[in-house]
Amino acid sequence: MTDLLPSLETVLQTLATGLLVGCTYGLMCVALGLIFGIMRLINFAQGDFLMLGMYFGLAVLSGAGLGATIGPLPALIFAGLAAIPVFFVLGWVIHALLLARIAQRRGATEGEAHQTQLIMTLGISLVLSNGALMAFGSTPVSLNVPFASQAFILDPLGAGDVLVFLNEARVLAAVAALAAAGGLYALLHRTDLGRQLRASADNPLAATYMGIDVVWSYRVTFGLGFGLTALAGVMVATYYPFQPYVGLDFVIVMYAGVVLGGLGSVMGSFWGGVIIGLVQQLSTLVLPLQLQGTTVFVVFLLILLIRPQGLFGRSVERA
Amino acid sequence: MGWIARNSKGLLACAMLAPALLGAPAQAADDLKIALIAPVSGPMARQGDLMRKGAELAIADINAAGGIKALGGAKLTLLVEDAGDKVETAKNAAQRLVANRQGVVAGTGAWSSSLTLAVTEVTERAGLPWVTLSYADQITDRGFNYVVQTVPVASQLALNAMPTVLDMAQTASGKRPTKVAIISDSTAASQAFVTPLRDGGFQKLGVQVVADEVFTPPLNDATSMVQKLRATRPDFLLFYSTGFPDAKLVLTKMNEFGLGKGKLPTVTVGVQFASPEMLKAVGPELLEGLILVAPNWPSKSQAAALPGLTSRSGEPWLGQDTISTYGDVMLIRDALERAGSADGEKVMQALRATDRKDGPADFYLGDKLAFDAKGRRIGGAVGLIQWQQGLPYLIWPKDDAVRSPVWPKS
């Protein structure tokens, strides 16, 4: 029994960490999934949106001194809540000034419009990352909040032999991710705005005939996706040091989560992210740490082999 | 054509005035140039900046002292080329340098071993003497004639560092560690250091490896690795991470699991762990007690040889990059004085023949500054640095240390 205790502790610890990490991935994936699911736009700048959210968190907590004034936790909550509207507006502007304009150019077919938008997001990504390099420099920074290196300690057996450490910053990030994903689900399925967005995704032409401004819907979607990614950035910045190219560390996970959840399924993207987090952590129980990334993609391929449309994706082509 | 002929005098005057109007530095014909190839842009720009400071301070000191006396008091100027962060950009920088080589007598750089390997491929062909703080064995394993390494190479560093750590732990705590855990990333630099220790090095020292975790950067989460530390209870941790974010994740997680702040003695490699940026990003509490293996660091003898260097640098403290580059320029000066010529071959011969216990030797750890037939450092020592009360101090070699080591007694 004594020999089993460390492994039980390790299993529980790994499971808990996988869930916490997965929830944060889930939020990143849901934001990307929203943009792809409704606009059918592959957004190469998603990692850079995350990076901007991180620097926004730093600006609020350290730059504006809010962390010292009202305390790190309230300042972080404020930064997370403020990130959504601030970056929603930025996303709105980017869509209005750049993406919509090239999509609406005269004579462009839908396919051409998507291609040009895709290349435009690549350009936006380069501008954002290099602009951030000029503005913030290359030195990694972090939020340095006390709860990033503190943990809630659980004693599931009550005997003190098995302890599970839940990083406070990750718990906070997971709660924010669940709340944001839940809010987005409610928005998409319980409001008129959500119905408009889903109608624009399902059949833009029919939606237009029904009086829905599809371009406006796309603009809202892009803004929402940007805002949610920035929220994820603020939360991740509490425990992950960042520099202008930090988005590259997460962008593969985001895409994998979206594809795993099912292209076009917004909430499926969230579960895709959670599964990636879980697989990433649980693989370390039986495999060397170096194979962590490989395991994620082996599981990813296996799932797609069985369900090519992803876990929650639809098996029919978009109408 | 007619217009050119009509205005030829005016054009000639403009051409003559152009350098002055464009702000070209006035430079005497006999000035000698020292090249520095370092990453002054991109993710490693900070290290390049620190190297540049070291070179500029050394050149200012040499010129203030009358320049190179053996060459009629020739003054030195610094020529900086940006190595960027890739092998290709470093090689391009070296090619630019040798293409405009007039007046360049020797050079130093390029911080990272992979960049230095690329740079020295070019400088070797051009016959340009090169001095480097990079410590990969391959740099001097290629049979090159125009490069010297001023610090011990990686294989020596790894095998010499651990006995030094064990001796230091025994001296400080009265007990010799017998169990080690290793956490390292999968980069070439990390594995070059860790592999000889893993493959029998620790066994020869009577130390059992109880956990050996290798991760591929970037690390998303350090829980599984730190959980293994909790389960295996080593006497100390050897931690080698080349990436700053990965290092922070591990140190933070150790603190979260009650192993931080020196409770589990942690030995790491690389001066990035002793940078002001690391202090800012990680905070003094998480760094407390962390021990670093470094090939060079400001020491008692350096401080005695040149008081005030830190304040002149504008940095809160001097690190390996600044002090080594300062030393490299002083070494080139020493070679120029002994060679009595700016000819590349003669300067290189003088560099190879260096055997000094003072002068440029003051800026490196060890009892003397000399080079073997390959151009590798003779007389170098492993430096151990420890974070104590928010500052990194040299704690070993004992004679040159500015603080005593702290190692938990339990």
# chains A, B, ... in the order shown; residues from 1 in each chain; ligands from 1

$ interface_residues --of "chain B" --to "chain A" --cutoff "9 Å" --atoms "only C-alpha atoms" --output "PyMOL selection string"
chain B and resi 41-46+185-186+213-216+218-221+223-225+227-228+231+244-246+248-249+251-257+277-278+280-283+286

$ residues_around --residues "segment 49-59 of chain B" --least-positions-apart "3" --cutoff "6 Å" --atoms "only C-alpha atoms" --output "VMD selection string"
chain B and resid 40 46 62 321 to 322 325 to 326

$ write_last_selection --atoms "N, CA and C atoms" --output "short mmCIF file (atom, residue, chain, number, x, y, z; two decimals), in the first residue's frame"
data_model
loop_
_atom_site.label_atom_id
_atom_site.label_comp_id
_atom_site.auth_asym_id
_atom_site.auth_seq_id
_atom_site.Cartn_x
_atom_site.Cartn_y
_atom_site.Cartn_z
N VAL B 40 22.53 41.66 -31.43
CA VAL B 40 22.03 42.95 -30.92
C VAL B 40 20.59 43.21 -31.36
N ARG B 46 19.54 41.25 -25.64
CA ARG B 46 20.02 41.72 -24.34
C ARG B 46 21.46 41.24 -24.09
N ILE B 62 41.45 51.28 -22.79
CA ILE B 62 42.72 51.11 -23.53
C ILE B 62 43.13 52.44 -24.18
N ASP B 321 28.69 37.97 -19.59
CA ASP B 321 28.78 38.52 -20.94
C ASP B 321 29.61 39.81 -20.98
N THR B 322 29.39 40.67 -20.00
CA THR B 322 30.12 41.94 -19.99
C THR B 322 31.58 41.73 -19.59
N THR B 325 33.62 39.82 -22.26
CA THR B 325 33.92 40.61 -23.47
C THR B 325 34.94 41.69 -23.15
N TYR B 326 34.82 42.27 -21.95
CA TYR B 326 35.85 43.22 -21.51
C TYR B 326 37.21 42.51 -21.53
#

$ select_by_dssp --residues "segment 227-402 of chain B" --states "strand (DSSP E or B)" --output "ChimeraX atom specification"
/B:236-240,266-269,291-294,355-356,369-371,377-378,383-388,391-396

$ atom_distance --atom1 "atom CA of Gly194 of chain A" --atom2 "atom CA of Gly91 of chain A"
17.9 Å

$ residues_around --residues "Glu121 of chain B" --least-positions-apart "2" --cutoff "12 Å" --atoms "only C-alpha atoms" --output "PyMOL selection string"
chain B and resi 87-88+90-95+98+114-119+123-130+138-140+142-147

$ residues_around --residues "Ala38 of chain B" --least-positions-apart "6" --cutoff "6 Å" --atoms "only C-alpha atoms" --output "PDB file with N, CA and C atoms, in the first residue's frame"
ATOM      1  N   GLY B  48      23.655  40.481 -26.351  1.00  0.00           N
ATOM      2  CA  GLY B  48      24.522  41.228 -27.252  1.00  0.00           C
ATOM      3  C   GLY B  48      24.800  42.624 -26.709  1.00  0.00           C
ATOM      4  N   ASP B  82      25.697  42.634 -36.251  1.00  0.00           N
ATOM      5  CA  ASP B  82      24.588  41.957 -35.583  1.00  0.00           C
ATOM      6  C   ASP B  82      24.526  40.479 -35.986  1.00  0.00           C
ATOM      7  N   ALA B  83      24.664  39.606 -34.992  1.00  0.00           N
ATOM      8  CA  ALA B  83      24.591  38.162 -35.260  1.00  0.00           C
ATOM      9  C   ALA B  83      23.154  37.680 -35.364  1.00  0.00           C
ATOM     10  N   GLY B 109      33.145  37.221 -30.060  1.00  0.00           N
ATOM     11  CA  GLY B 109      31.712  36.909 -30.209  1.00  0.00           C
ATOM     12  C   GLY B 109      31.545  35.417 -30.434  1.00  0.00           C
ATOM     13  N   ALA B 110      30.351  34.917 -30.637  1.00  0.00           N
ATOM     14  CA  ALA B 110      29.116  35.616 -30.916  1.00  0.00           C
ATOM     15  C   ALA B 110      28.048  35.197 -29.902  1.00  0.00           C
TER      16      ALA B 110
END

$ residues_around --residues "Val214 of chain A" --least-positions-apart "3" --cutoff "8 Å" --atoms "only C-alpha atoms" --output "VMD selection string"
chain A and resid 197 200 204 207 to 208 217 to 218

$ select_by_dssp --residues "segment 245-299 of chain A" --states "alpha helix (DSSP H)" --output "PyMOL selection string"
chain A and resi 247-261+266-286+292-299

$ closest_residue --among "A:Leu126, A:Ala159, A:Leu66, A:Leu118" --to "Leu41 of chain A" --atoms "only C-alpha atoms"
A:Leu118

$ closest_residue --among "A:Met210, A:Ala179, A:Val266, A:Ala173" --to "Thr24 of chain A" --atoms "only C-alpha atoms"
A:Ala173

$ residues_around --residues "Ile303 of chain A" --least-positions-apart "2" --cutoff "12 Å" --atoms "only C-alpha atoms" --output "number ranges by chain"
A: 256-257, 259-262, 272, 275-276, 296-301, 305-312

$ atom_distance --atom1 "atom CA of Trp297 of chain B" --atom2 "atom CA of Leu394 of chain B"
6.9 Å

$ atom_distance --atom1 "atom CA of Ala65 of chain B" --atom2 "atom CA of Ala350 of chain B"
21.0 Å

$ residues_around --residues "Ile77 of chain A" --least-positions-apart "4" --cutoff "10 Å" --atoms "only C-alpha atoms" --output "PDB file with C-alpha atoms, in the first residue's frame"
ATOM      1  CA  GLY A  57      -2.623  42.138 -18.268  1.00  0.00           C
ATOM      2  CA  PRO A  72      -3.198  41.472  -7.405  1.00  0.00           C
ATOM      3  CA  LEU A  73      -6.389  39.375  -7.393  1.00  0.00           C
ATOM      4  CA  LEU A  81     -13.023  41.636 -17.553  1.00  0.00           C
ATOM      5  CA  ALA A  82     -11.637  44.762 -19.222  1.00  0.00           C
ATOM      6  CA  ALA A  83      -9.751  42.732 -21.838  1.00  0.00           C
ATOM      7  CA  LEU A 172      -8.435  31.006 -11.390  1.00  0.00           C
ATOM      8  CA  ALA A 176     -12.490  32.158 -15.908  1.00  0.00           C
ATOM      9  CA  LEU A 231      -9.006  37.071 -21.659  1.00  0.00           C
ATOM     10  CA  VAL A 234      -4.472  37.713 -19.258  1.00  0.00           C
ATOM     11  CA  MET A 235      -5.090  34.508 -17.291  1.00  0.00           C
TER      12      MET A 235
END

$ decode --residues "segment 159-300 of chain B" --atoms "C-alpha atoms" --output "mmCIF file, in the first residue's frame"
data_model
loop_
_atom_site.group_PDB
_atom_site.id
_atom_site.type_symbol
_atom_site.label_atom_id
_atom_site.label_comp_id
_atom_site.auth_asym_id
_atom_site.auth_seq_id
_atom_site.Cartn_x
_atom_site.Cartn_y
_atom_site.Cartn_z
ATOM 1 C CA LEU B 159 32.725 17.003 -15.361
ATOM 2 C CA ASN B 160 34.542 19.599 -13.247
ATOM 3 C CA ALA B 161 31.425 21.365 -12.041
ATOM 4 C CA MET B 162 29.803 18.479 -10.185
ATOM 5 C CA PRO B 163 32.795 17.504 -8.009
ATOM 6 C CA THR B 164 33.053 21.202 -7.238
ATOM 7 C CA VAL B 165 29.371 21.304 -6.257
ATOM 8 C CA LEU B 166 29.726 18.215 -4.060
ATOM 9 C CA ASP B 167 32.834 19.619 -2.349
ATOM 10 C CA MET B 168 31.063 22.892 -1.787
ATOM 11 C CA ALA B 169 27.961 21.162 -0.376
ATOM 12 C CA GLN B 170 30.111 19.126 1.989
ATOM 13 C CA THR B 171 31.999 22.205 3.112
ATOM 14 C CA ALA B 172 28.832 24.201 3.634
ATOM 15 C CA SER B 173 26.575 21.546 5.204
ATOM 16 C CA GLY B 174 28.952 18.876 6.543
ATOM 17 C CA LYS B 175 27.239 16.180 4.464
ATOM 18 C CA ARG B 176 28.071 15.040 0.944
ATOM 19 C CA PRO B 177 24.984 14.686 -1.300
ATOM 20 C CA THR B 178 24.366 11.141 -2.562
ATOM 21 C CA LYS B 179 21.114 11.441 -4.548
ATOM 22 C CA VAL B 180 20.487 13.744 -7.502
ATOM 23 C CA ALA B 181 17.520 14.397 -9.751
ATOM 24 C CA ILE B 182 18.097 15.787 -13.242
ATOM 25 C CA ILE B 183 15.689 17.998 -15.150
ATOM 26 C CA SER B 184 16.964 19.161 -18.518
ATOM 27 C CA ASP B 185 15.574 20.363 -21.786
ATOM 28 C CA SER B 186 16.321 18.491 -24.993
ATOM 29 C CA THR B 187 18.507 21.187 -26.586
ATOM 30 C CA ALA B 188 22.049 20.350 -27.686
ATOM 31 C CA ALA B 189 23.616 22.603 -25.064
ATOM 32 C CA SER B 190 21.689 20.990 -22.192
ATOM 33 C CA GLN B 191 22.306 17.455 -23.319
ATOM 34 C CA ALA B 192 26.012 18.110 -23.995
ATOM 35 C CA PHE B 193 26.302 19.071 -20.339
ATOM 36 C CA VAL B 194 24.052 16.429 -18.811
ATOM 37 C CA THR B 195 24.945 13.350 -20.883
ATOM 38 C CA PRO B 196 28.450 12.729 -19.485
ATOM 39 C CA LEU B 197 27.059 13.011 -15.961
ATOM 40 C CA ARG B 198 24.109 10.749 -16.692
ATOM 41 C CA ASP B 199 26.344 8.190 -18.441
ATOM 42 C CA GLY B 200 28.535 7.336 -15.501
ATOM 43 C CA GLY B 201 29.726 10.751 -14.374
ATOM 44 C CA PHE B 202 27.501 10.847 -11.297
ATOM 45 C CA GLN B 203 28.126 7.161 -10.582
ATOM 46 C CA LYS B 204 31.883 7.801 -10.397
ATOM 47 C CA LEU B 205 31.189 10.546 -7.907
ATOM 48 C CA GLY B 206 29.111 8.192 -5.730
ATOM 49 C CA VAL B 207 25.884 9.995 -6.548
ATOM 50 C CA GLN B 208 22.741 8.055 -7.498
ATOM 51 C CA VAL B 209 20.442 9.525 -10.150
ATOM 52 C CA VAL B 210 16.918 9.077 -8.697
ATOM 53 C CA ALA B 211 15.012 10.945 -11.414
ATOM 54 C CA ASP B 212 16.023 12.014 -14.902
ATOM 55 C CA GLU B 213 13.474 14.080 -16.813
ATOM 56 C CA VAL B 214 14.102 15.501 -20.281
ATOM 57 C CA PHE B 215 11.556 17.864 -21.768
ATOM 58 C CA THR B 216 11.207 19.483 -25.163
ATOM 59 C CA PRO B 217 10.802 23.254 -24.982
ATOM 60 C CA PRO B 218 8.527 25.071 -24.697
ATOM 61 C CA LEU B 219 7.226 23.515 -21.532
ATOM 62 C CA ASN B 220 3.508 23.922 -20.957
ATOM 63 C CA ASP B 221 3.468 22.774 -17.388
ATOM 64 C CA ALA B 222 6.104 21.489 -14.962
ATOM 65 C CA THR B 223 3.815 19.568 -12.594
ATOM 66 C CA SER B 224 4.773 16.043 -13.639
ATOM 67 C CA MET B 225 8.494 16.764 -13.272
ATOM 68 C CA VAL B 226 8.204 18.469 -9.921
ATOM 69 C CA GLN B 227 5.867 15.727 -8.706
ATOM 70 C CA LYS B 228 8.722 13.272 -9.423
ATOM 71 C CA LEU B 229 11.017 15.391 -7.275
ATOM 72 C CA ARG B 230 8.497 15.149 -4.447
ATOM 73 C CA ALA B 231 8.260 11.386 -4.881
ATOM 74 C CA THR B 232 11.986 10.621 -5.164
ATOM 75 C CA ARG B 233 13.355 13.078 -2.570
ATOM 76 C CA PRO B 234 16.803 13.797 -4.058
ATOM 77 C CA ASP B 235 19.540 15.605 -2.091
ATOM 78 C CA PHE B 236 19.837 18.138 -4.876
ATOM 79 C CA LEU B 237 18.519 18.932 -8.334
ATOM 80 C CA LEU B 238 20.570 19.502 -11.459
ATOM 81 C CA PHE B 239 18.393 21.698 -13.629
ATOM 82 C CA TYR B 240 19.442 22.775 -17.109
ATOM 83 C CA SER B 241 17.011 24.883 -19.101
ATOM 84 C CA THR B 242 18.085 27.108 -21.960
ATOM 85 C CA GLY B 243 14.676 28.771 -22.135
ATOM 86 C CA PHE B 244 13.703 31.505 -19.752
ATOM 87 C CA PRO B 245 9.943 30.680 -19.607
ATOM 88 C CA ASP B 246 10.658 27.001 -18.941
ATOM 89 C CA ALA B 247 13.005 27.926 -16.106
ATOM 90 C CA LYS B 248 10.382 30.101 -14.525
ATOM 91 C CA LEU B 249 7.716 27.416 -14.798
ATOM 92 C CA VAL B 250 9.921 24.871 -13.019
ATOM 93 C CA LEU B 251 11.060 27.255 -10.265
ATOM 94 C CA THR B 252 7.500 28.438 -9.666
ATOM 95 C CA LYS B 253 6.194 24.889 -9.534
ATOM 96 C CA MET B 254 8.930 23.885 -7.084
ATOM 97 C CA ASN B 255 7.880 26.695 -4.796
ATOM 98 C CA GLU B 256 4.250 25.649 -5.106
ATOM 99 C CA PHE B 257 5.186 22.106 -4.066
ATOM 100 C CA GLY B 258 7.192 23.306 -1.069
ATOM 101 C CA LEU B 259 10.589 22.634 -2.672
ATOM 102 C CA GLY B 260 11.525 26.212 -3.573
ATOM 103 C CA LYS B 261 13.525 28.946 -1.869
ATOM 104 C CA GLY B 262 16.544 26.685 -1.408
ATOM 105 C CA LYS B 263 14.676 23.843 0.375
ATOM 106 C CA LEU B 264 15.746 21.507 -2.411
ATOM 107 C CA PRO B 265 19.237 22.737 -3.363
ATOM 108 C CA THR B 266 19.142 23.402 -7.085
ATOM 109 C CA VAL B 267 22.150 23.654 -9.346
ATOM 110 C CA THR B 268 21.637 25.092 -12.775
ATOM 111 C CA VAL B 269 23.775 26.129 -15.720
ATOM 112 C CA GLY B 270 23.891 29.359 -17.656
ATOM 113 C CA VAL B 271 24.224 32.979 -16.721
ATOM 114 C CA GLN B 272 20.714 33.831 -17.893
ATOM 115 C CA PHE B 273 19.646 32.593 -14.449
ATOM 116 C CA ALA B 274 21.691 35.367 -12.851
ATOM 117 C CA SER B 275 20.418 38.230 -14.985
ATOM 118 C CA PRO B 276 18.502 41.270 -13.739
ATOM 119 C CA GLU B 277 15.708 40.187 -16.107
ATOM 120 C CA MET B 278 15.413 36.861 -14.324
ATOM 121 C CA LEU B 279 15.182 38.661 -11.004
ATOM 122 C CA LYS B 280 12.463 40.911 -12.375
ATOM 123 C CA ALA B 281 10.466 38.075 -13.897
ATOM 124 C CA VAL B 282 10.822 35.464 -11.169
ATOM 125 C CA GLY B 283 11.349 37.572 -8.074
ATOM 126 C CA PRO B 284 14.015 37.220 -5.372
ATOM 127 C CA GLU B 285 12.093 34.686 -3.279
ATOM 128 C CA LEU B 286 12.012 31.986 -5.950
ATOM 129 C CA LEU B 287 15.653 32.559 -6.836
ATOM 130 C CA GLU B 288 16.936 32.430 -3.271
ATOM 131 C CA GLY B 289 19.565 29.732 -2.856
ATOM 132 C CA LEU B 290 19.717 28.836 -6.571
ATOM 133 C CA ILE B 291 23.259 27.849 -7.564
ATOM 134 C CA LEU B 292 24.553 28.431 -11.072
ATOM 135 C CA VAL B 293 27.475 26.896 -12.861
ATOM 136 C CA ALA B 294 29.111 29.524 -15.046
ATOM 137 C CA PRO B 295 32.411 29.630 -16.894
ATOM 138 C CA ASN B 296 33.056 33.229 -15.903
ATOM 139 C CA TRP B 297 31.755 35.774 -13.396
ATOM 140 C CA PRO B 298 33.121 38.906 -11.716
ATOM 141 C CA SER B 299 35.397 37.885 -8.886
ATOM 142 C CA LYS B 300 37.470 39.390 -6.105
#
